[in-house]
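Raw contents of final_34.cif, mmCIF, C-alpha atoms:
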```cif
data_run
#
loop_
_atom_site.label_atom_id
_atom_site.label_comp_id
_atom_site.auth_asym_id
_atom_site.auth_seq_id
_atom_site.Cartn_x
_atom_site.Cartn_y
_atom_site.Cartn_z
CA MET A 143 3.28 14.53 10.96
CA ASP A 144 -0.41 14.51 10.08
CA THR A 145 -1.31 11.45 7.99
CA PHE A 146 -2.64 13.28 4.97
CA GLU A 147 0.30 15.70 5.00
CA CYS A 148 2.63 12.67 5.12
CA ILE A 149 0.82 11.02 2.20
CA SER A 150 1.12 14.28 0.24
CA LYS A 151 4.78 14.91 1.01
CA ARG A 152 6.07 11.37 0.45
CA SER A 153 8.10 11.01 -2.71
CA SER A 154 10.77 8.68 -4.06
CA VAL A 155 14.17 9.69 -2.71
CA ARG A 156 17.24 8.06 -4.25
CA ALA A 157 20.10 10.25 -2.91
CA TYR A 158 21.16 9.94 0.71
CA GLN A 159 23.57 11.36 3.25
CA ALA A 160 26.30 9.06 4.58
CA LYS A 161 24.65 8.86 7.99
CA PRO A 162 23.30 5.77 9.71
CA ILE A 163 19.68 5.21 10.72
CA ALA A 164 19.15 4.26 14.37
CA ARG A 165 18.09 0.69 15.01
CA SER A 166 15.00 1.91 16.89
CA ILE A 167 13.86 3.77 13.76
CA LEU A 168 14.37 0.73 11.55
CA GLU A 169 12.32 -1.32 14.00
CA LYS A 170 9.57 1.30 13.90
CA LEU A 171 9.48 1.09 10.10
CA VAL A 172 9.07 -2.69 10.14
CA ASP A 173 6.45 -2.30 12.84
CA ALA A 174 4.52 -0.03 10.45
CA GLY A 175 4.87 -2.68 7.74
CA ARG A 176 3.47 -5.53 9.79
CA ARG A 177 0.39 -3.42 10.64
CA ALA A 178 -0.76 -3.35 7.01
CA PRO A 179 -4.06 -4.94 6.02
CA THR A 180 -3.75 -8.58 5.05
CA ALA A 181 -6.19 -10.77 3.14
CA ARG A 182 -7.69 -13.62 5.17
CA ALA A 183 -5.59 -12.45 8.18
CA LEU A 184 -2.63 -14.49 6.89
CA GLU A 185 0.11 -11.89 7.65
CA PRO A 186 2.39 -13.62 5.10
CA TRP A 187 5.27 -11.11 5.44
CA GLU A 188 8.89 -11.28 6.57
CA PHE A 189 11.09 -8.17 6.66
CA VAL A 190 14.85 -8.23 6.29
CA VAL A 191 16.65 -5.10 7.47
CA VAL A 192 20.09 -4.65 5.92
CA THR A 193 22.62 -2.13 7.23
CA ASN A 194 25.84 -3.98 6.38
CA ARG A 195 27.70 -2.03 3.67
CA GLU A 196 28.91 -5.13 1.82
CA ILE A 197 25.40 -6.57 1.61
CA LEU A 198 23.94 -3.20 0.56
CA LYS A 199 26.55 -3.05 -2.20
CA LYS A 200 25.64 -6.55 -3.40
CA LEU A 201 21.95 -5.72 -3.37
CA GLY A 202 22.49 -2.52 -5.39
CA GLU A 203 24.63 -4.35 -7.94
CA THR A 204 22.10 -7.17 -8.28
CA ALA A 205 18.84 -5.23 -8.23
CA ASN A 206 19.95 -2.98 -11.06
CA SER A 207 16.81 -0.82 -11.10
CA GLY A 208 17.79 0.08 -7.53
CA ASP A 209 21.52 0.60 -7.94
CA PHE A 210 21.28 3.51 -5.45
CA ILE A 211 20.76 0.89 -2.71
CA LYS A 212 24.55 0.58 -2.58
CA ASP A 213 24.77 4.17 -1.28
CA SER A 214 21.75 3.92 1.03
CA SER A 215 22.05 3.70 4.82
CA SER A 216 19.73 0.74 4.99
CA CYS A 217 17.45 -1.41 2.91
CA ILE A 218 14.36 -3.32 3.98
CA ALA A 219 13.49 -6.33 1.84
CA VAL A 220 9.82 -7.32 1.98
CA PHE A 221 9.17 -11.01 1.42
CA CYS A 222 5.85 -12.86 1.56
CA LYS A 223 4.73 -16.45 1.59
CA ASP A 224 3.13 -17.37 -1.75
CA THR A 225 -0.48 -16.73 -0.71
CA LYS A 226 -3.20 -15.76 -3.19
CA TYR A 227 -2.93 -12.09 -2.23
CA TYR A 228 0.77 -11.90 -1.30
CA LEU A 229 1.39 -9.06 -3.74
CA GLU A 230 -1.45 -6.94 -2.33
CA ASP A 231 -0.38 -7.65 1.27
CA GLY A 232 3.30 -7.03 0.59
CA SER A 233 2.57 -3.85 -1.35
CA ALA A 234 0.39 -2.45 1.44
CA ALA A 235 3.17 -3.25 3.93
CA THR A 236 5.70 -1.54 1.64
CA GLU A 237 3.54 1.58 1.43
CA ASN A 238 3.19 1.66 5.24
CA ILE A 239 6.98 1.56 5.55
CA LEU A 240 7.39 4.34 2.97
CA LEU A 241 4.89 6.54 4.82
CA ALA A 242 6.44 5.84 8.22
CA ALA A 243 9.84 6.74 6.73
CA ALA A 244 8.50 9.99 5.27
CA ASP A 245 6.91 10.80 8.62
CA ILE A 246 10.31 10.54 10.31
CA GLY A 247 11.98 12.64 7.60
CA LEU A 248 13.79 9.74 5.97
CA GLY A 249 14.14 9.42 2.22
CA ALA A 250 13.02 6.13 0.73
CA CYS A 251 12.42 4.50 -2.61
CA TRP A 252 10.40 1.42 -3.61
CA VAL A 253 12.46 -0.90 -5.78
CA ALA A 254 10.42 -3.61 -7.47
CA GLY A 255 10.93 -7.22 -6.46
CA ASP A 256 8.17 -9.38 -7.91
CA LYS A 257 8.48 -10.03 -11.67
CA LYS A 258 12.13 -8.84 -11.74
CA PRO A 259 14.77 -11.24 -13.12
CA TYR A 260 16.99 -10.60 -10.08
CA VAL A 261 14.50 -12.04 -7.55
CA GLY A 262 16.38 -15.33 -7.18
CA GLU A 263 19.75 -13.70 -6.76
CA VAL A 264 18.46 -11.22 -4.14
CA SER A 265 16.80 -14.06 -2.25
CA GLY A 266 20.13 -15.90 -2.33
CA ILE A 267 22.07 -12.92 -0.97
CA LEU A 268 19.65 -12.67 1.94
CA GLY A 269 19.38 -16.42 2.52
CA ALA A 270 15.61 -16.38 2.05
CA PRO A 271 13.73 -19.69 2.34
CA SER A 272 12.57 -20.89 -1.07
CA ASP A 273 8.87 -20.56 -0.21
CA LEU A 274 9.14 -16.77 0.10
CA LYS A 275 8.51 -14.30 -2.73
CA LEU A 276 10.37 -11.00 -2.86
CA VAL A 277 7.79 -8.20 -3.10
CA SER A 278 10.01 -5.14 -2.79
CA LEU A 279 13.29 -3.64 -1.68
CA ILE A 280 13.03 -0.32 0.14
CA SER A 281 16.17 1.81 0.10
CA LEU A 282 16.47 4.22 3.00
CA GLY A 283 18.61 7.15 4.07
CA TRP A 284 18.54 10.72 5.28
CA PRO A 285 17.77 12.74 2.14
CA ARG A 286 20.49 14.60 0.30
CA GLY A 287 19.26 17.57 -1.73
CA GLU A 288 15.71 18.53 -2.56
CA THR A 289 12.91 16.00 -2.75
CA ARG A 290 9.73 16.51 -4.70
CA GLN A 291 6.39 14.89 -5.24
CA ALA A 292 5.68 14.90 -8.95
CA LYS A 293 2.30 13.55 -9.94
CA SER A 294 1.09 14.58 -13.36
CA ARG A 295 -2.48 13.29 -13.07
CA LYS A 296 -4.64 15.59 -10.95
CA LEU A 297 -7.65 14.62 -8.83
CA LYS A 298 -10.11 15.63 -11.56
CA ASP A 299 -8.30 13.34 -14.02
CA VAL A 300 -8.64 10.19 -11.92
CA ILE A 301 -11.98 10.53 -10.09
CA HIS A 302 -15.28 9.17 -11.44
CA TRP A 303 -18.66 9.39 -9.75
CA GLU A 304 -21.02 6.39 -9.66
CA GLY A 305 -19.37 4.86 -12.76
CA PHE A 306 -17.32 5.69 -15.85
CA MET B 1117 -3.76 12.13 13.45
CA ASP B 1118 -0.06 11.32 13.55
CA THR B 1119 0.93 8.98 10.73
CA PHE B 1120 2.28 6.16 12.84
CA GLU B 1121 -0.71 6.36 15.19
CA CYS B 1122 -2.97 6.15 12.14
CA ILE B 1123 -1.07 3.13 10.78
CA SER B 1124 -1.42 1.47 14.19
CA LYS B 1125 -5.10 2.22 14.67
CA ARG B 1126 -6.30 1.32 11.18
CA SER B 1127 -8.26 -1.90 11.06
CA SER B 1128 -10.86 -3.49 8.81
CA VAL B 1129 -14.32 -2.13 9.62
CA ARG B 1130 -17.33 -3.86 8.08
CA ALA B 1131 -20.26 -2.39 10.09
CA TYR B 1132 -21.37 1.16 9.44
CA GLN B 1133 -23.84 3.78 10.58
CA ALA B 1134 -26.56 4.85 8.13
CA LYS B 1135 -24.98 8.26 7.68
CA PRO B 1136 -23.60 9.72 4.46
CA ILE B 1137 -19.97 10.74 3.87
CA ALA B 1138 -19.49 14.30 2.63
CA ARG B 1139 -18.38 14.65 -0.98
CA SER B 1140 -15.36 16.69 0.13
CA ILE B 1141 -14.19 13.76 2.29
CA LEU B 1142 -14.60 11.28 -0.55
CA GLU B 1143 -12.56 13.58 -2.78
CA LYS B 1144 -9.85 13.77 -0.11
CA LEU B 1145 -9.69 9.96 0.03
CA VAL B 1146 -9.21 9.69 -3.74
CA ASP B 1147 -6.64 12.47 -3.54
CA ALA B 1148 -4.72 10.32 -1.04
CA GLY B 1149 -4.96 7.39 -3.44
CA ARG B 1150 -3.52 9.21 -6.44
CA ARG B 1151 -0.52 10.30 -4.34
CA ALA B 1152 0.70 6.72 -3.93
CA PRO B 1153 4.05 5.65 -5.36
CA THR B 1154 3.84 4.35 -8.91
CA ALA B 1155 6.35 2.31 -10.89
CA ARG B 1156 7.86 4.12 -13.88
CA ALA B 1157 5.67 7.16 -13.00
CA LEU B 1158 2.80 5.64 -14.98
CA GLU B 1159 0.00 6.58 -12.52
CA PRO B 1160 -2.21 3.85 -14.05
CA TRP B 1161 -5.13 4.34 -11.65
CA GLU B 1162 -8.78 5.37 -11.97
CA PHE B 1163 -11.03 5.68 -8.91
CA VAL B 1164 -14.80 5.24 -9.02
CA VAL B 1165 -16.68 6.66 -6.05
CA VAL B 1166 -20.10 5.10 -5.52
CA THR B 1167 -22.70 6.57 -3.18
CA ASN B 1168 -25.86 5.50 -5.01
CA ARG B 1169 -27.73 2.95 -2.85
CA GLU B 1170 -28.83 0.81 -5.80
CA ILE B 1171 -25.29 0.54 -7.15
CA LEU B 1172 -23.87 -0.20 -3.68
CA LYS B 1173 -26.45 -2.97 -3.34
CA LYS B 1174 -25.46 -4.47 -6.69
CA LEU B 1175 -21.75 -4.30 -5.80
CA GLY B 1176 -22.34 -6.04 -2.45
CA GLU B 1177 -24.40 -8.77 -4.10
CA THR B 1178 -21.79 -9.31 -6.82
CA ALA B 1179 -18.57 -9.03 -4.82
CA ASN B 1180 -19.69 -11.68 -2.36
CA SER B 1181 -16.59 -11.46 -0.13
CA GLY B 1182 -17.66 -7.84 0.42
CA ASP B 1183 -21.39 -8.26 0.91
CA PHE B 1184 -21.24 -5.54 3.59
CA ILE B 1185 -20.73 -3.02 0.75
CA LYS B 1186 -24.51 -2.99 0.36
CA ASP B 1187 -24.82 -1.39 3.82
CA SER B 1188 -21.84 0.95 3.42
CA SER B 1189 -22.21 4.68 2.86
CA SER B 1190 -19.84 4.65 -0.06
CA CYS B 1191 -17.47 2.44 -1.99
CA ILE B 1192 -14.36 3.39 -3.92
CA ALA B 1193 -13.39 1.02 -6.71
CA VAL B 1194 -9.70 1.14 -7.64
CA PHE B 1195 -8.96 0.26 -11.25
CA CYS B 1196 -5.62 0.31 -13.05
CA LYS B 1197 -4.42 0.04 -16.60
CA ASP B 1198 -2.74 -3.32 -17.20
CA THR B 1199 0.83 -2.16 -16.58
CA LYS B 1200 3.58 -4.50 -15.34
CA TYR B 1201 3.21 -3.22 -11.77
CA TYR B 1202 -0.51 -2.35 -11.75
CA LEU B 1203 -1.13 -4.54 -8.70
CA GLU B 1204 1.64 -2.90 -6.67
CA ASP B 1205 0.52 0.60 -7.70
CA GLY B 1206 -3.17 -0.10 -7.10
CA SER B 1207 -2.45 -1.74 -3.75
CA ALA B 1208 -0.36 1.22 -2.57
CA ALA B 1209 -3.17 3.56 -3.64
CA THR B 1210 -5.69 1.38 -1.78
CA GLU B 1211 -3.59 1.50 1.39
CA ASN B 1212 -3.30 5.30 1.14
CA ILE B 1213 -7.11 5.52 0.95
CA LEU B 1214 -7.53 3.18 3.94
CA LEU B 1215 -5.11 5.28 6.00
CA ALA B 1216 -6.71 8.57 4.98
CA ALA B 1217 -10.10 7.09 5.94
CA ALA B 1218 -8.79 5.96 9.34
CA ASP B 1219 -7.27 9.39 9.87
CA ILE B 1220 -10.70 10.99 9.40
CA GLY B 1221 -12.36 8.44 11.71
CA LEU B 1222 -14.09 6.53 8.92
CA GLY B 1223 -14.39 2.76 8.92
CA ALA B 1224 -13.15 1.00 5.81
CA CYS B 1225 -12.45 -2.45 4.47
CA TRP B 1226 -10.35 -3.66 1.54
CA VAL B 1227 -12.34 -6.09 -0.61
CA ALA B 1228 -10.19 -7.96 -3.14
CA GLY B 1229 -10.66 -7.27 -6.83
CA ASP B 1230 -7.82 -8.85 -8.79
CA LYS B 1231 -8.07 -12.66 -9.11
CA LYS B 1232 -11.72 -12.71 -7.99
CA PRO B 1233 -14.29 -14.35 -10.29
CA TYR B 1234 -16.58 -11.31 -9.97
CA VAL B 1235 -14.12 -8.87 -11.58
CA GLY B 1236 -15.93 -8.82 -14.94
CA GLU B 1237 -19.35 -8.32 -13.40
CA VAL B 1238 -18.17 -5.48 -11.14
CA SER B 1239 -16.47 -3.81 -14.10
CA GLY B 1240 -19.75 -4.12 -15.99
CA ILE B 1241 -21.80 -2.54 -13.19
CA LEU B 1242 -19.42 0.44 -13.14
CA GLY B 1243 -19.09 0.69 -16.93
CA ALA B 1244 -15.32 0.31 -16.77
CA PRO B 1245 -13.37 0.34 -20.05
CA SER B 1246 -12.12 -3.15 -20.93
CA ASP B 1247 -8.44 -2.19 -20.62
CA LEU B 1248 -8.81 -1.56 -16.88
CA LYS B 1249 -8.17 -4.15 -14.15
CA LEU B 1250 -10.10 -4.03 -10.88
CA VAL B 1251 -7.56 -3.98 -8.03
CA SER B 1252 -9.86 -3.42 -5.05
CA LEU B 1253 -13.19 -2.25 -3.72
CA ILE B 1254 -13.02 -0.14 -0.56
CA SER B 1255 -16.20 -0.06 1.50
CA LEU B 1256 -16.61 3.03 3.64
CA GLY B 1257 -18.82 4.32 6.42
CA TRP B 1258 -18.84 5.85 9.88
CA PRO B 1259 -18.07 2.91 12.19
CA ARG B 1260 -20.80 1.17 14.14
CA GLY B 1261 -19.59 -0.56 17.31
CA GLU B 1262 -16.05 -1.23 18.39
CA THR B 1263 -13.20 -1.59 15.95
CA ARG B 1264 -10.00 -3.43 16.72
CA GLN B 1265 -6.58 -4.04 15.22
CA ALA B 1266 -5.83 -7.74 15.54
CA LYS B 1267 -2.39 -8.77 14.32
CA SER B 1268 -1.15 -12.07 15.67
CA ARG B 1269 2.45 -11.81 14.43
CA LYS B 1270 4.52 -9.44 16.57
CA LEU B 1271 7.51 -7.35 15.47
CA LYS B 1272 10.01 -9.94 16.77
CA ASP B 1273 8.28 -12.62 14.67
CA VAL B 1274 8.65 -10.80 11.35
CA ILE B 1275 11.94 -8.88 11.58
CA HIS B 1276 15.29 -10.28 10.41
CA TRP B 1277 18.66 -8.50 10.54
CA GLU B 1278 21.07 -8.65 7.59
CA GLY B 1279 19.52 -11.90 6.34
CA PHE B 1280 17.50 -14.95 7.37
#
```
Output the file's structure in the form of C-alpha cells.
Amino acid sequence: MDTFECISKRSSVRAYQAKPIARSILEKLVDAGRRAPTARALEPWEFVVVTNREILKKLGETANSGDFIKDSSSCIAVFCKDTKYYLEDGSAATENILLAAADIGLGACWVAGDKKPYVGEVSGILGAPSDLKLVSLISLGWPRGETRQAKSRKLKDVIHWEGF
Amino acid sequence: MDTFECISKRSSVRAYQAKPIARSILEKLVDAGRRAPTARALEPWEFVVVTNREILKKLGETANSGDFIKDSSSCIAVFCKDTKYYLEDGSAATENILLAAADIGLGACWVAGDKKPYVGEVSGILGAPSDLKLVSLISLGWPRGETRQAKSRKLKDVIHWEGF
C-alpha cells in the first residue's frame, strides 16, 4: 500500500477474527519497529511477540485498558532501556509497527504502557529485565467488522504558518 | 512508495539543497501528522510550519542539537497540549511526518523538543501558547548527497518470543 494511503487508513482496531498471524508477518512487524528513528543512535528497544493464548489472556486481564488483548491473535510488547528519549524512540517504533500492520491488512491497537499502574505486572508476566521500561502493548489480529478512522480535528484546525 | 519500503528507506537527513518545498507538500506532511494514533482520542497536537529564512535561522541557533535547521527549506514544530500521553501522541505524529517526507523523497531529521533546555525559547520564537509542550522540530529539505539507514541492531537482536 502507498505510504500516505496507509497513514490515512490506519485506525485502532480492537475486534479480531480467531485466525493466527504467520510468524513471518510478525517478524516483519518487529523489523518495521526496529527501523524507527532513535535519538543518539541508541536503539534502546526490545520487542516481545506473544502468540500463546494463556499469556495473551494474562496480558489482557492485567493491562485493563487493553482487555481486548485476550482475544487478539498476537501482541507485541515494546520495551526500551531507560534512555533520555526512550518514550520518543519507543513511540516511533510503535507507530512503525501499527503502520506496517495496517499495510498488511491487520487490525491493531496501541495500548499504553508507560505511566500505567500495570507496568510492573506486565513486565513480570513477560520476564522483562528490570532496566527495561514498557512503552506500549500492540494488540494484533485480522479485523472483524468495519474499521474506521475517526479524527475530529481537520488539517485547517491544526496547521499554523510561521508561528501561532 | 510502498509503506514497508518507506519505513526501511527513511533515515535522518541533515544536509539539504537550497530549493523550496511546495506549500501543498508541507500541508500533506501535516495531514499525515494529524492522522497519527492518539490516546483517548484527544488529538492534542498543533503543527507550526516555518519557511521564513529568518525564523529558520533563529530556530537553528536556539535548538543547538538541530543547528542544520538554519539551512533547511522548512521546519515543522510539533506541539501538544499537556495531556497524560502527549509525548506518545506527538512522537507518533512526528514519525508519520518523517515517513510521509521520505515517501515524497524529502530529507528530514527529528530534532528533540521535550526535555531540551531550549524549549521555552523555541516556544517564544513561534509565539506558542503557554499550555503547549514542544515535542519535536522536524527539519526538512530536498536531500543533498547520499543518505543512508544505519541501524546496528538487527532483527534477531531485538526480537523475543513469548517472553525474555
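If only C-alpha atoms are the atoms counted, then among B:Ile1137, B:Ala1224, B:Met1117, B:Ala1131 the closest residue to chain A is B:Met1117.
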Answer key for the PyMOL selection byres ((chain A) within 7 of (chain B)), residues as a PyMOL selection string
chain A and resi 143-146+148-150+172-174+177+187-194+229-230+233-234+237+242+245+268-270+297+300-306
Interatomic distance, atom CA of A:Glu288 to atom CA of A:Ser166 (Å, one decimal)
25.6 Å
Smallest atom-to-atom distance to A:Lys258: which of A:Arg156, A:Gly208, A:Asp213, A:Arg165, using all atoms listed in the file?
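Ranking A:Arg156, A:Gly208, A:Asp213, A:Arg165 by distance to A:Lys258, first place goes to A:Gly208.
With all atoms listed in the file as the basis for measurement, B:Val1238 is the residue among B:Ser1246, B:Leu1256, B:Cys1196, B:Val1238 that approaches B:Ala1179 most closely.
Note that atom CA of B:Gly1221 and atom CA of B:Ser1189 are 13.8 Å apart.
Here atom CA of A:Leu274 and atom CA of B:Val1235 stand 27.2 Å from one another.
Shown here are all protein and nucleic acid residues lying within 6 Å of (-25.0, 5.0, 4.6), with only C-alpha atoms considered: Ala1134, Lys1135, Pro1136, Ser1188 and Ser1189 of chain B.
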Listed atoms of stretch 213-232 of chain A boxed along x, y and z, 8 Å each side, centre and edge lengths in Å, one decimal, as lines of an AutoDock Vina configuration file:
```
center_x = 10.8
center_y = -6.6
center_z = 0.6
size_x = 44.0
size_y = 37.5
size_z = 24.7
```
Of the listed residues B:Tyr1132, B:Lys1197, B:Lys1249, B:Arg1156, that which approaches B:Ile1185 most closely, counting all atoms listed in the file
B:Tyr1132
